[in-house]
Structures are given as structure tokens and as C-alpha cells.
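Below is one structure; the comments refer to it alone.
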Amino acid sequence: MYTISAIPIGTLYCCNITRIARIGITHDIGKISPLPCYIWLLKNINKKENIIIEAGLPDKQNDVAKEQDKFIRKDDELLIPALKKHGLDISDITFCILTHLHWDNAWGAKHLGNVPILVQQKEIRYAVAPYTLDRDCYDLNNEGAPFYSSFYWNMKFLDGDAKLNDDLHIVALPGHTPGSQGVLVNTTSGKIFLAGDIAYTQENLNTHIPSGIRMDSRDAMQAMNRLDRMQKEGITVIPSHDHESASPFLTL
């Protein structure tokens, strides 16, 4: 069983159409919304095991292409200082799970040294050669090698759902990207599912409408159906950029 903590690592500014897949001027799709960003720290209560879900934003804006959404980070929201506030160094991290390889979720993995990183096979395959309209998501319009090449040899590739132990499961959840995955955790607060970016906020869950960035609409809706079933089973589903949902897990 695990305890779970939400660790703030910055604020990302996105259009409403990115946050939720609604179209039309009545939804003010071009309005910019500030979205809180988190990594999630899982601590095993029975043994020394510290797991992080996501690795977070780049350190600074010019680490990514100029076309990318703007973000802000305080000094203590950078990955290493943020972990230190929880009494941890990179060497204390057992492994990292990335829900997908978009730059705003995965760039921070450049700081993880030799920490193993769990990623779906389908995700790395698509990230290497995505459709043109998705290149920005993987920051492939920047110069030089893809950012994820710096931690490629740390990646451990999964093929679909995976049981890591009795209290921790990886759930393949394609839709936002071909290789998106969520994390089902048995915690001291009950069963928690970290959904990744298929659902940015609670509004996505309430309306049954996925986030605006999706590689496959059918997969995205099937993922939303799966989240709905989880909630009906009593599992708490946590969207990726929702302060109210994260608040109970802000332990500092």
C-alpha cells in the first residue's frame, strides 16, 4: 500500500480548446487558462520504495521551441528542489512512470540520472515519427535531438496493462496519445487512478468530454468510458491539471 502526494511543479497556460474538446465560439475556445502541473509521489508504507508519476516541465521556457505553450516555474518547483522538500534526492527514486512523452509531462526526466522510466512501447514508437500536427507535442520542432533521447536508455517499455505489484497497476489508456497510460494505486486513502492527460480537469470527467489534444477520437472516448466505469466502482479518478482534485494530496 502507498501514500500519495501531489507535488506542484509549475503552471502551464493553454487555450480552452486544449483543456477540453469543445468547439465553437460559444465555448471561448481561444481563451487562455492557467493549468497547475504536478508530479505524483508514491511512497510504499511497507518498504523503502519511492515512485514518481510524471517528471514535469522543462526548467525554463527557452528549453523548448518558441511555439510551445507558455509556463512559469518557481525555483522550488523545479524537479530536484521539489523532491528535496519531501526529503528525497534523485538517488532515492525507485522508478518513474511517464503517462506519455509530451514535453510538458516528460522533459524533467532529463534530470533522473539512472532512474528506470516506464513507458508504453506504442508511445515511444509514435513519439519518434508522429504526424506533422503532433510534432509540437513532442517538441520535435526544436533544433537538435529529441529531448527524450537523453533518457532513452533508462526507458523500460511496457506492452499494455501491467501489474507491478498487488497495489500498483499500469493501465494502458490510449487516446490522448497512442501510448498513454494511467496508474491505479491502492493507497491509505483508497484506490486512486491517476488518469494522465486524457482528462485535464474535473470538467472533462463531469461532461464525459476528453481533453482537446487527442490522437484518436474513438480511443479517447473509450478511455473516458473506462474512467466512468472506474468511478462507478468507487475508484477516485484524478485528472492531471486540476487543483481541486490535487488539493487533498498536497501534503506540504
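Letters A, B, ... mark the chains of the C-alpha cells in the order given; residue numbers begin at 1 per chain; ligand numbers begin at 1, in order shown.
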
List as a tab-separated table every residue of stretch 171-194 of chain A that is in contact with stretch 87-107 of chain A, defined as an atom at most 12 Å from one of its atoms (using only C-alpha atoms), together with the nearest atom pair and the distance in Å rounded to one decimal, sorted by chain and then rising number.
residue	atom	partner	partner_atom	distance
A:Val171	CA	A:Thr99	CA	9.6
A:Ala172	CA	A:Thr99	CA	9.1
A:Leu173	CA	A:Thr99	CA	8.9
A:Pro174	CA	A:His100	CA	9.6
A:Gly175	CA	A:His100	CA	10.8
A:His176	CA	A:His100	CA	8.8
A:Thr177	CA	A:His100	CA	7.1
A:Pro178	CA	A:His100	CA	8.8
A:Gly179	CA	A:His100	CA	6.5
A:Ser180	CA	A:His100	CA	5.0
A:Gln181	CA	A:Thr99	CA	4.8
A:Gly182	CA	A:Thr99	CA	6.0
A:Val183	CA	A:Thr99	CA	8.0
A:Leu184	CA	A:Ile97	CA	11.6
A:Phe193	CA	A:Thr99	CA	11.8
A:Leu194	CA	A:Thr99	CA	8.9

Which residues of stretch 68-126 of chain A come within 10 Å of stretch 21-36 of chain A, and what is each one's closest atom pair and distance in Å (one decimal), counting only C-alpha atoms, sorted by chain and residue number, as CSV?
residue,atom,partner,partner_atom,distance
A:Asp69,CA,A:Ile32,CA,10.0
A:Lys70,CA,A:Pro34,CA,9.7
A:Phe71,CA,A:Pro34,CA,8.7
A:Ile72,CA,A:Pro34,CA,9.9

Test item, helix (DSSP H, G or I) assignment across stretch 12-241 of chain A, answer as an MDAnalysis selection string:
chainID A and resid 16:19 25:27 61:63 75:77 79:84 90:92 103:111 121:128 132:134 136:138 147:154 196:198 202:207 217:232

Given the selection you just returned, output its residues as a file containing C-alpha atoms, formatted as a short mmCIF file (atom, residue, chain, number, x, y, z; two decimals), in the first residue's frame.
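What landed in selection.cif:
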data_model
loop_
_atom_site.label_atom_id
_atom_site.label_comp_id
_atom_site.auth_asym_id
_atom_site.auth_seq_id
_atom_site.Cartn_x
_atom_site.Cartn_y
_atom_site.Cartn_z
CA ASN A 16 -9.63 26.22 -23.66
CA ILE A 17 -9.68 24.02 -26.77
CA THR A 18 -6.61 22.24 -25.38
CA ARG A 19 -8.21 21.72 -21.99
CA ILE A 25 -17.25 30.43 -30.35
CA THR A 26 -19.77 29.99 -27.53
CA HIS A 27 -17.11 27.99 -25.67
CA GLN A 61 10.83 28.40 -21.38
CA ASN A 62 13.70 28.51 -23.86
CA ASP A 63 14.44 24.82 -23.23
CA ASP A 75 12.73 27.88 -8.16
CA ASP A 76 11.36 25.40 -5.61
CA GLU A 77 9.07 23.86 -8.26
CA LEU A 79 12.22 18.74 -10.02
CA ILE A 80 15.24 18.41 -7.73
CA PRO A 81 14.26 21.18 -5.25
CA ALA A 82 10.65 19.94 -5.27
CA LEU A 83 11.78 16.45 -4.28
CA LYS A 84 14.12 17.84 -1.62
CA ILE A 90 17.09 11.64 -7.21
CA SER A 91 19.01 8.66 -5.82
CA ASP A 92 16.03 7.89 -3.56
CA TRP A 103 7.26 17.70 -23.43
CA ASP A 104 5.25 19.17 -20.53
CA ASN A 105 4.99 15.79 -18.80
CA ALA A 106 8.31 14.17 -19.58
CA TRP A 107 11.03 16.80 -20.07
CA GLY A 108 12.07 16.67 -16.41
CA ALA A 109 13.16 13.05 -16.85
CA LYS A 110 16.41 14.50 -18.21
CA HIS A 111 17.32 15.03 -14.54
CA GLN A 121 6.08 0.74 -26.43
CA LYS A 122 3.40 2.39 -28.56
CA GLU A 123 4.31 5.76 -27.10
CA ILE A 124 7.99 5.75 -27.99
CA ARG A 125 7.21 4.41 -31.45
CA TYR A 126 4.83 7.28 -32.14
CA ALA A 127 7.00 9.92 -30.46
CA VAL A 128 9.85 9.18 -32.86
CA THR A 132 3.06 16.61 -38.54
CA LEU A 133 0.27 18.13 -36.43
CA ASP A 134 1.60 16.29 -33.36
CA ASP A 136 4.87 20.21 -31.35
CA CYS A 137 3.58 17.94 -28.60
CA TYR A 138 6.88 16.06 -28.59
CA PHE A 147 14.58 15.75 -25.64
CA TYR A 148 13.66 12.17 -24.72
CA SER A 149 16.81 10.83 -26.40
CA SER A 150 18.73 11.95 -23.30
CA PHE A 151 16.94 9.34 -21.18
CA TYR A 152 16.09 6.76 -23.85
CA TRP A 153 18.36 4.09 -22.35
CA ASN A 154 16.59 4.45 -18.99
CA GLY A 196 -2.89 11.44 -17.22
CA ASP A 197 -3.87 13.99 -19.85
CA ILE A 198 -6.96 12.28 -21.25
CA GLN A 202 -12.80 17.57 -13.35
CA GLU A 203 -14.87 19.18 -16.11
CA ASN A 204 -13.65 16.51 -18.52
CA LEU A 205 -14.93 13.81 -16.18
CA ASN A 206 -18.23 15.56 -15.45
CA THR A 207 -19.05 16.20 -19.12
CA SER A 217 -11.23 10.17 -31.03
CA ARG A 218 -12.53 6.62 -30.70
CA ASP A 219 -9.72 5.65 -28.33
CA ALA A 220 -10.27 8.87 -26.40
CA MET A 221 -13.96 8.14 -25.87
CA GLN A 222 -13.22 4.55 -24.90
CA ALA A 223 -10.75 5.90 -22.35
CA MET A 224 -13.44 8.23 -20.97
CA ASN A 225 -15.81 5.26 -20.74
CA ARG A 226 -13.18 3.37 -18.78
CA LEU A 227 -12.76 6.29 -16.37
CA ASP A 228 -16.52 6.42 -15.90
CA ARG A 229 -16.61 2.72 -15.03
CA MET A 230 -13.79 3.20 -12.52
CA GLN A 231 -15.68 5.98 -10.77
CA LYS A 232 -18.80 3.81 -10.56
#

Can you pull out the residues contacting stretch 156-162 of chain A? Cut-off 7 Å, using only C-alpha atoms, and skip same-chain residues under 6 positions away; I want them as a VMD selection string.
chain A and resid 116 to 121 169 to 172

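Across the model, the gap from atom CA of A:Tyr200 to atom CA of A:Asp242 is 6.6 Å.
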
DSSP on the backbone, then: every residue of stretch 58-227 of chain A marked strand (DSSP E or B), written as a PyMOL selection string.
chain A and resi 71-72+95-97+117-120+155-158+162-165+168-172+181-187+190-194

Nearest-residue call for A:Ala65, choices A:Asn141, A:Asn44, A:Ser5, A:Thr236, using only C-alpha atoms
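Of all the options, A:Asn141 lies closest to A:Ala65.
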
Could you check how far atom CA of A:Leu250 sits from atom CA of A:Ala55, in Å to one decimal?
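If I compute the distance from atom CA of A:Leu250 to atom CA of A:Ala55, I get 16.9 Å.
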